[in-house]
Amino acid sequence: MLPSHVFTDAERDDLRTVLGAVGTHPYRDPIAFSQEIADVLDRGDVPAALVDAADGIRKDRESGTAFAHALRNCPVDDVVPLLDQEDPLADKYAKKHTFVSEAFLQLFGHLVNTPLMSYGTRFNGDFFIDVIAINKYIGKQTGYSDGELAYHNDRTAHPVRADYITLLGMRCPEGDLTYTSFVSGATLLEMLTGQERELLRERYFYTPFDVVSKDNNKSLTVSDNHSIFYDEHSVRYVDTHTTVAPDAPTEAKDALIALKNALVRAPKARHRILSGDLFTFANQDGLHSREHIEINDPARARTRWLMKTYAFRDRPAADRFADRWLDGVPGRVGD
């Protein structure tokens, strides 16, 4: 069962009022925005229910009890514009004049001690990005399409990958059923033999870069060879994309097939993100997917909009990449 917490309407409204008073622009000055949200926390203006929920999430992560959590009835902006899907980022800049949603995501990052990260070559290096169907990616395997997504990590082919992903439901049509599913690396390892685990921990595999990354950097093609499992139960894999390197032993292909079978059979957490839902999960200690269970109005379903943040596991994890910061902005990395 997915650990979750539901805020009361009063708690949600109180927090929306607090966050609505934040004056810094998150896209123009992300450093000052992060500091202003930290000041809100330091003043004790955050409702105890959120502090307690975040404490529980942090403890679950530290103990390995759970790798995915949901918060419901969270504060978002009073006005959630309908974005032009030809260029939703530019349209968001033009239409969205309040930043309660961004403030809530930043506050959550502070509460669970996971510094936010961004990619300088994507979405102007913003720390708050939009998971929404973009017209030019319709029908392609990317989070910015209107289709389903195979089990994967975000930015699998890249050298710097987020430890956690957090999604906040901005516009989630209730008449269409779309689920975000998660399976932990620990669960997958339990379903493999010792030999299969050993093979999957070798650098016998590679992953092609995703279409959005290649659009932003034409020099990107495929990753260096990498293992699929590393550390205790971290995983680096995109189903239907990650494959065996040409010089890998035959046994590596057998191990990859075993992983695919395990992925089908493994128990999973499935969550339908509603407007005002926060869903947070481990990006490196698990795999996630997008499933369309029932789409009754495809045009309406395409308007589904989640706001997303990437985050490092903790401050020391972020500091290991300090030599990669772009434009002097902590957490902003390149390819």
# chains A, B, ... in the order shown; residues from 1 in each chain; ligands from 1
>>> select_by_dssp(residues="stretch 23-187 of chain A", states="helix (DSSP H, G or I)", output="short mmCIF file (atom, residue, chain, number, x, y, z; two decimals) with N, CA and C atoms, in the first residue's frame")
data_model
loop_
_atom_site.label_atom_id
_atom_site.label_comp_id
_atom_site.auth_asym_id
_atom_site.auth_seq_id
_atom_site.Cartn_x
_atom_site.Cartn_y
_atom_site.Cartn_z
N PRO A 30 16.09 31.82 -8.88
CA PRO A 30 15.82 30.60 -8.12
C PRO A 30 16.56 30.52 -6.79
N ILE A 31 17.73 31.14 -6.69
CA ILE A 31 18.47 31.09 -5.43
C ILE A 31 17.74 31.88 -4.36
N ALA A 32 17.32 33.11 -4.68
CA ALA A 32 16.59 33.92 -3.72
C ALA A 32 15.24 33.30 -3.39
N PHE A 33 14.60 32.67 -4.37
CA PHE A 33 13.31 32.01 -4.13
C PHE A 33 13.48 30.88 -3.11
N SER A 34 14.49 30.05 -3.31
CA SER A 34 14.75 28.97 -2.36
C SER A 34 15.00 29.51 -0.95
N GLN A 35 15.75 30.61 -0.86
CA GLN A 35 16.05 31.19 0.45
C GLN A 35 14.79 31.76 1.11
N GLU A 36 13.93 32.39 0.31
CA GLU A 36 12.71 32.93 0.90
C GLU A 36 11.81 31.82 1.44
N ILE A 37 11.76 30.70 0.74
CA ILE A 37 10.97 29.56 1.24
C ILE A 37 11.61 29.00 2.50
N ALA A 38 12.94 28.95 2.55
CA ALA A 38 13.62 28.50 3.77
C ALA A 38 13.30 29.42 4.94
N ASP A 39 13.18 30.72 4.67
CA ASP A 39 12.84 31.67 5.72
C ASP A 39 11.42 31.42 6.25
N VAL A 40 10.50 31.06 5.36
CA VAL A 40 9.14 30.71 5.79
C VAL A 40 9.19 29.55 6.79
N LEU A 41 10.01 28.56 6.46
CA LEU A 41 10.14 27.40 7.33
C LEU A 41 10.79 27.79 8.66
N ASP A 42 11.82 28.62 8.60
CA ASP A 42 12.52 29.03 9.82
C ASP A 42 11.62 29.83 10.75
N ALA A 48 1.84 22.21 11.13
CA ALA A 48 2.46 21.02 11.72
C ALA A 48 2.15 19.76 10.92
N ALA A 49 0.98 19.72 10.29
CA ALA A 49 0.61 18.52 9.53
C ALA A 49 1.59 18.25 8.40
N LEU A 50 2.04 19.30 7.72
CA LEU A 50 3.00 19.12 6.63
C LEU A 50 4.37 18.74 7.18
N VAL A 51 4.79 19.38 8.24
CA VAL A 51 6.08 19.05 8.85
C VAL A 51 6.09 17.58 9.28
N ASP A 52 5.01 17.13 9.90
CA ASP A 52 4.94 15.74 10.35
C ASP A 52 4.94 14.77 9.17
N ALA A 53 4.19 15.12 8.11
CA ALA A 53 4.14 14.24 6.93
C ALA A 53 5.51 14.14 6.29
N ALA A 54 6.21 15.26 6.18
CA ALA A 54 7.54 15.25 5.58
C ALA A 54 8.53 14.48 6.45
N ASP A 55 8.42 14.61 7.76
CA ASP A 55 9.28 13.83 8.66
C ASP A 55 9.09 12.35 8.43
N GLY A 56 7.84 11.92 8.26
CA GLY A 56 7.57 10.51 8.02
C GLY A 56 8.15 10.03 6.71
N ILE A 57 8.06 10.85 5.67
CA ILE A 57 8.64 10.48 4.37
C ILE A 57 10.15 10.36 4.48
N ARG A 58 10.77 11.33 5.13
CA ARG A 58 12.23 11.29 5.27
C ARG A 58 12.68 10.05 6.04
N LYS A 59 11.97 9.70 7.11
CA LYS A 59 12.34 8.52 7.90
C LYS A 59 12.14 7.24 7.11
N ASP A 60 11.06 7.16 6.33
CA ASP A 60 10.83 5.99 5.47
C ASP A 60 11.96 5.82 4.47
N ARG A 61 12.41 6.92 3.89
CA ARG A 61 13.49 6.85 2.92
C ARG A 61 14.79 6.40 3.58
N GLU A 62 15.08 6.96 4.74
CA GLU A 62 16.33 6.62 5.43
C GLU A 62 16.36 5.16 5.85
N SER A 63 15.21 4.63 6.25
CA SER A 63 15.15 3.24 6.71
C SER A 63 14.93 2.25 5.59
N PRO A 88 4.26 25.17 -24.34
CA PRO A 88 3.66 25.38 -23.02
C PRO A 88 4.54 26.17 -22.07
N LEU A 89 5.86 26.08 -22.22
CA LEU A 89 6.73 26.83 -21.32
C LEU A 89 6.55 28.33 -21.52
N ALA A 90 6.62 28.78 -22.76
CA ALA A 90 6.43 30.20 -23.03
C ALA A 90 5.04 30.66 -22.59
N ASP A 91 4.07 29.81 -22.79
CA ASP A 91 2.70 30.16 -22.40
C ASP A 91 2.57 30.23 -20.88
N LYS A 92 3.26 29.36 -20.17
CA LYS A 92 3.23 29.43 -18.70
C LYS A 92 3.85 30.74 -18.23
N TYR A 93 4.99 31.10 -18.81
CA TYR A 93 5.61 32.37 -18.43
C TYR A 93 4.64 33.54 -18.64
N ALA A 94 3.86 33.48 -19.72
CA ALA A 94 2.96 34.58 -20.06
C ALA A 94 1.71 34.61 -19.19
N LYS A 95 1.21 33.44 -18.83
CA LYS A 95 -0.11 33.37 -18.19
C LYS A 95 -0.07 33.16 -16.68
N VAL A 100 2.31 29.67 -6.09
CA VAL A 100 2.04 28.84 -4.92
C VAL A 100 2.53 27.41 -5.15
N SER A 101 2.32 26.88 -6.33
CA SER A 101 2.71 25.50 -6.62
C SER A 101 4.23 25.35 -6.55
N GLU A 102 4.95 26.28 -7.15
CA GLU A 102 6.41 26.24 -7.10
C GLU A 102 6.89 26.37 -5.65
N ALA A 103 6.24 27.25 -4.89
CA ALA A 103 6.64 27.45 -3.50
C ALA A 103 6.40 26.18 -2.68
N PHE A 104 5.30 25.49 -2.95
CA PHE A 104 5.03 24.26 -2.21
C PHE A 104 6.07 23.18 -2.54
N LEU A 105 6.42 23.06 -3.81
CA LEU A 105 7.44 22.08 -4.19
C LEU A 105 8.79 22.43 -3.57
N GLN A 106 9.14 23.70 -3.57
CA GLN A 106 10.41 24.12 -2.96
C GLN A 106 10.39 23.85 -1.46
N LEU A 107 9.28 24.14 -0.81
CA LEU A 107 9.14 23.90 0.63
C LEU A 107 9.25 22.42 0.93
N PHE A 108 8.62 21.59 0.12
CA PHE A 108 8.70 20.14 0.34
C PHE A 108 10.16 19.68 0.25
N GLY A 109 10.90 20.21 -0.73
CA GLY A 109 12.30 19.85 -0.85
C GLY A 109 13.09 20.21 0.39
N HIS A 110 12.82 21.39 0.95
CA HIS A 110 13.50 21.78 2.20
C HIS A 110 13.13 20.84 3.34
N LEU A 111 11.87 20.51 3.44
CA LEU A 111 11.40 19.71 4.57
C LEU A 111 11.99 18.31 4.58
N PHE A 123 14.46 23.51 -20.70
CA PHE A 123 13.48 24.42 -20.10
C PHE A 123 14.16 25.59 -19.39
N ASN A 124 15.17 26.15 -20.06
CA ASN A 124 15.88 27.33 -19.58
C ASN A 124 16.54 27.11 -18.22
N GLY A 125 16.81 25.87 -17.87
CA GLY A 125 17.44 25.59 -16.59
C GLY A 125 16.51 25.73 -15.40
N ASN A 135 3.23 19.36 -28.50
CA ASN A 135 2.77 18.88 -29.80
C ASN A 135 3.83 18.13 -30.59
N LYS A 136 5.07 18.64 -30.60
CA LYS A 136 6.09 18.02 -31.45
C LYS A 136 6.55 16.66 -30.92
N TYR A 137 6.16 16.32 -29.68
CA TYR A 137 6.56 15.03 -29.12
C TYR A 137 5.41 14.02 -29.06
N GLY A 185 13.88 -0.84 -6.82
CA GLY A 185 15.00 -1.68 -7.22
C GLY A 185 15.16 -2.87 -6.28
N ALA A 186 14.89 -2.65 -4.99
CA ALA A 186 14.99 -3.74 -4.02
C ALA A 186 14.03 -4.86 -4.36
N THR A 187 12.82 -4.53 -4.77
CA THR A 187 11.83 -5.54 -5.16
C THR A 187 12.31 -6.33 -6.37
#
>>> closest_residue(among="A:Gly276, A:Gly44, A:Gly331, A:Pro246", to="A:Leu168", atoms="only C-alpha atoms")
A:Gly276
>>> residues_around(residues="A:Tyr119", least_positions_apart="3", cutoff="8 Å", atoms="only C-alpha atoms", output="ChimeraX atom specification")
/A:122-123,125-126,332-335
>>> residues_around(residues="A:Ala255", least_positions_apart="6", cutoff="8 Å", atoms="only C-alpha atoms", output="list in words")
Glu196, Arg197, Leu199 and Leu200 of chain A
>>> write_last_selection(atoms="N, CA and C atoms", output="JSON list (two decimals), in the first residue's frame")
[["chain", "number", "residue", "atom", "x", "y", "z"],
["A", 196, "GLU", "N", 22.23, -13.69, -11.95],
["A", 196, "GLU", "CA", 21.61, -12.61, -12.73],
["A", 196, "GLU", "C", 21.95, -11.26, -12.11],
["A", 197, "ARG", "N", 21.93, -11.18, -10.81],
["A", 197, "ARG", "CA", 22.27, -9.92, -10.14],
["A", 197, "ARG", "C", 23.71, -9.53, -10.45],
["A", 199, "LEU", "N", 25.57, -10.29, -13.02],
["A", 199, "LEU", "CA", 25.70, -9.86, -14.41],
["A", 199, "LEU", "C", 25.12, -8.46, -14.62],
["A", 200, "LEU", "N", 23.99, -8.18, -13.97],
["A", 200, "LEU", "CA", 23.35, -6.89, -14.12],
["A", 200, "LEU", "C", 24.10, -5.77, -13.39]]
>>> select_by_dssp(residues="stretch 251-285 of chain A", states="strand (DSSP E or B)", output="list in words")
Ala269, Arg270, His271, Leu278, Phe279, Thr280, Phe281 and Ala282 of chain A
>>> residues_around(residues="stretch 262-272 of chain A", least_positions_apart="2", cutoff="7 Å", atoms="only C-alpha atoms", output="list in words")
Met1, Leu2, Thr178, Tyr179, Thr180, Ser181, Phe182, Val183, Thr187, Leu188, Met191, Ala258, Leu259, Lys260 and Leu274 of chain A
>>> closest_residue(among="A:Pro298, A:Gly169, A:Gly120, A:Gly143", to="A:Asp277", atoms="only C-alpha atoms")
A:Gly169
>>> closest_residue(among="A:Arg16, A:Asp87, A:Ala245, A:Ala66", to="A:Pro3", atoms="only C-alpha atoms")
A:Ala66
>>> residues_around(residues="stretch 72-74 of chain A", least_positions_apart="2", cutoff="7 Å", atoms="only C-alpha atoms", output="MDAnalysis selection string")
chainID A and resid 5:7 12 70 76 276:278
>>> write_last_selection(atoms="N, CA, C and O atoms", output="PDB file, in the first residue's frame")
ATOM      1  N   HIS A   5      -0.895  10.836   2.861  1.00  0.00           N
ATOM      2  CA  HIS A   5      -1.490  11.719   3.866  1.00  0.00           C
ATOM      3  C   HIS A   5      -2.410  12.680   3.143  1.00  0.00           C
ATOM      4  O   HIS A   5      -2.091  13.181   2.054  1.00  0.00           O
ATOM      5  N   VAL A   6      -3.568  12.965   3.737  1.00  0.00           N
ATOM      6  CA  VAL A   6      -4.533  13.897   3.155  1.00  0.00           C
ATOM      7  C   VAL A   6      -4.643  15.112   4.064  1.00  0.00           C
ATOM      8  O   VAL A   6      -4.963  14.986   5.253  1.00  0.00           O
ATOM      9  N   PHE A   7      -4.364  16.293   3.506  1.00  0.00           N
ATOM     10  CA  PHE A   7      -4.497  17.521   4.278  1.00  0.00           C
ATOM     11  C   PHE A   7      -5.965  17.958   4.342  1.00  0.00           C
ATOM     12  O   PHE A   7      -6.728  17.750   3.394  1.00  0.00           O
ATOM     13  N   ARG A  12      -4.752  23.126   3.996  1.00  0.00           N
ATOM     14  CA  ARG A  12      -4.383  23.499   2.618  1.00  0.00           C
ATOM     15  C   ARG A  12      -4.504  25.005   2.410  1.00  0.00           C
ATOM     16  O   ARG A  12      -3.604  25.650   1.864  1.00  0.00           O
ATOM     17  N   ALA A  70       2.593   9.672  -1.257  1.00  0.00           N
ATOM     18  CA  ALA A  70       1.627  10.616  -1.819  1.00  0.00           C
ATOM     19  C   ALA A  70       1.094  11.531  -0.726  1.00  0.00           C
ATOM     20  O   ALA A  70       0.874  11.110   0.409  1.00  0.00           O
ATOM     21  N   VAL A  76      -2.249  24.481  -4.485  1.00  0.00           N
ATOM     22  CA  VAL A  76      -1.760  24.904  -5.802  1.00  0.00           C
ATOM     23  C   VAL A  76      -2.333  26.294  -6.054  1.00  0.00           C
ATOM     24  O   VAL A  76      -3.105  26.814  -5.254  1.00  0.00           O
ATOM     25  N   GLY A 276      -3.906  18.789  -7.229  1.00  0.00           N
ATOM     26  CA  GLY A 276      -3.606  19.006  -5.818  1.00  0.00           C
ATOM     27  C   GLY A 276      -2.914  17.848  -5.141  1.00  0.00           C
ATOM     28  O   GLY A 276      -2.641  17.915  -3.942  1.00  0.00           O
ATOM     29  N   ASP A 277      -2.592  16.797  -5.873  1.00  0.00           N
ATOM     30  CA  ASP A 277      -1.834  15.664  -5.325  1.00  0.00           C
ATOM     31  C   ASP A 277      -0.346  15.891  -5.511  1.00  0.00           C
ATOM     32  O   ASP A 277       0.091  16.343  -6.581  1.00  0.00           O
ATOM     33  N   LEU A 278       0.430  15.520  -4.516  1.00  0.00           N
ATOM     34  CA  LEU A 278       1.883  15.433  -4.651  1.00  0.00           C
ATOM     35  C   LEU A 278       2.265  13.963  -4.584  1.00  0.00           C
ATOM     36  O   LEU A 278       1.863  13.251  -3.665  1.00  0.00           O
TER      37      LEU A 278
END
>>> residues_around(residues="stretch 299-306 of chain A", least_positions_apart="5", cutoff="8 Å", atoms="only C-alpha atoms", output="list in words")
Leu82, Leu83, Asp130, Val131, Ile132, Ala133, Asp146, Leu167, Leu168, Gly169, Met170, Arg171, Cys172, Pro173 and Asp176 of chain A
>>> write_last_selection(atoms="all heavy atoms", output="compact mmCIF listing (two decimals), in the first residue's frame")
# COMPACT_ATOMS: atom_id res chain seq x y z
N LEU A 82 -4.89 27.12 -18.76
CA LEU A 82 -4.82 26.10 -19.79
C LEU A 82 -3.71 26.49 -20.74
O LEU A 82 -3.76 27.56 -21.36
CB LEU A 82 -6.16 26.01 -20.53
CG LEU A 82 -6.29 24.89 -21.57
CD1 LEU A 82 -6.24 23.52 -20.91
CD2 LEU A 82 -7.60 25.05 -22.35
N LEU A 83 -2.69 25.65 -20.85
CA LEU A 83 -1.49 26.03 -21.59
C LEU A 83 -1.58 25.66 -23.07
O LEU A 83 -2.12 24.61 -23.43
CB LEU A 83 -0.25 25.36 -20.97
CG LEU A 83 0.05 25.71 -19.52
CD1 LEU A 83 1.32 25.01 -19.05
CD2 LEU A 83 0.18 27.22 -19.34
N ASP A 130 7.38 21.39 -16.41
CA ASP A 130 6.02 20.99 -16.68
C ASP A 130 5.97 19.68 -17.45
O ASP A 130 6.54 19.57 -18.54
CB ASP A 130 5.30 22.09 -17.47
CG ASP A 130 5.45 23.44 -16.80
OD1 ASP A 130 5.07 23.54 -15.63
OD2 ASP A 130 5.97 24.36 -17.45
N VAL A 131 5.32 18.70 -16.87
CA VAL A 131 5.07 17.44 -17.56
C VAL A 131 3.71 17.58 -18.24
O VAL A 131 2.66 17.48 -17.60
CB VAL A 131 5.08 16.24 -16.60
CG1 VAL A 131 4.85 14.94 -17.36
CG2 VAL A 131 6.40 16.19 -15.84
N ILE A 132 3.76 17.87 -19.51
CA ILE A 132 2.55 18.12 -20.28
C ILE A 132 2.85 17.72 -21.72
O ILE A 132 4.00 17.78 -22.16
CB ILE A 132 2.13 19.61 -20.19
CG1 ILE A 132 0.75 19.83 -20.82
CG2 ILE A 132 3.18 20.52 -20.79
CD1 ILE A 132 0.19 21.23 -20.55
N ALA A 133 1.85 17.29 -22.44
CA ALA A 133 2.05 16.89 -23.83
C ALA A 133 2.43 18.11 -24.67
O ALA A 133 1.71 19.11 -24.69
CB ALA A 133 0.79 16.24 -24.38
N ASP A 146 1.70 12.46 -25.22
CA ASP A 146 0.38 12.18 -24.64
C ASP A 146 0.17 10.69 -24.46
O ASP A 146 -0.96 10.25 -24.22
CB ASP A 146 -0.73 12.78 -25.50
CG ASP A 146 -0.73 12.20 -26.92
OD1 ASP A 146 0.26 11.53 -27.30
OD2 ASP A 146 -1.71 12.43 -27.66
N LEU A 167 6.16 15.08 -8.19
CA LEU A 167 5.17 15.54 -9.15
C LEU A 167 3.99 16.16 -8.40
O LEU A 167 3.53 15.60 -7.40
CB LEU A 167 4.65 14.37 -10.00
CG LEU A 167 5.70 13.61 -10.81
CD1 LEU A 167 5.08 12.33 -11.38
CD2 LEU A 167 6.25 14.47 -11.93
N LEU A 168 3.51 17.29 -8.88
CA LEU A 168 2.36 17.97 -8.27
C LEU A 168 1.29 18.13 -9.33
O LEU A 168 1.53 18.72 -10.39
CB LEU A 168 2.79 19.33 -7.72
CG LEU A 168 1.71 20.18 -7.05
CD1 LEU A 168 1.14 19.47 -5.82
CD2 LEU A 168 2.25 21.56 -6.66
N GLY A 169 0.10 17.61 -9.06
CA GLY A 169 -1.00 17.69 -10.01
C GLY A 169 -1.53 19.10 -10.15
O GLY A 169 -2.10 19.64 -9.20
N MET A 170 -1.38 19.69 -11.33
CA MET A 170 -1.88 21.03 -11.60
C MET A 170 -3.24 20.96 -12.30
O MET A 170 -4.20 21.62 -11.89
CB MET A 170 -0.89 21.78 -12.49
CG MET A 170 0.49 21.97 -11.88
SD MET A 170 0.47 23.09 -10.46
CE MET A 170 0.12 24.66 -11.27
N ARG A 171 -3.31 20.17 -13.37
CA ARG A 171 -4.55 19.99 -14.11
C ARG A 171 -4.64 18.51 -14.46
O ARG A 171 -3.91 18.02 -15.34
CB ARG A 171 -4.56 20.85 -15.38
CG ARG A 171 -5.82 20.69 -16.23
CD ARG A 171 -5.72 21.51 -17.51
NE ARG A 171 -5.62 22.93 -17.22
CZ ARG A 171 -6.65 23.73 -16.96
NH1 ARG A 171 -7.88 23.23 -16.94
NH2 ARG A 171 -6.46 25.01 -16.72
N CYS A 172 -5.52 17.80 -13.79
CA CYS A 172 -5.64 16.35 -13.97
C CYS A 172 -7.11 16.01 -14.23
O CYS A 172 -7.90 15.88 -13.27
CB CYS A 172 -5.13 15.61 -12.74
SG CYS A 172 -3.41 15.98 -12.31
N PRO A 173 -7.52 15.92 -15.48
CA PRO A 173 -8.93 15.69 -15.80
C PRO A 173 -9.49 14.45 -15.10
O PRO A 173 -8.92 13.37 -15.18
CB PRO A 173 -8.91 15.51 -17.32
CG PRO A 173 -7.70 16.26 -17.77
CD PRO A 173 -6.69 16.06 -16.69
N ASP A 176 -10.68 11.00 -17.05
CA ASP A 176 -9.71 10.11 -17.68
C ASP A 176 -8.81 9.52 -16.60
O ASP A 176 -8.39 10.22 -15.68
CB ASP A 176 -8.86 10.86 -18.70
CG ASP A 176 -9.72 11.57 -19.74
OD1 ASP A 176 -10.42 10.88 -20.50
OD2 ASP A 176 -9.71 12.82 -19.77
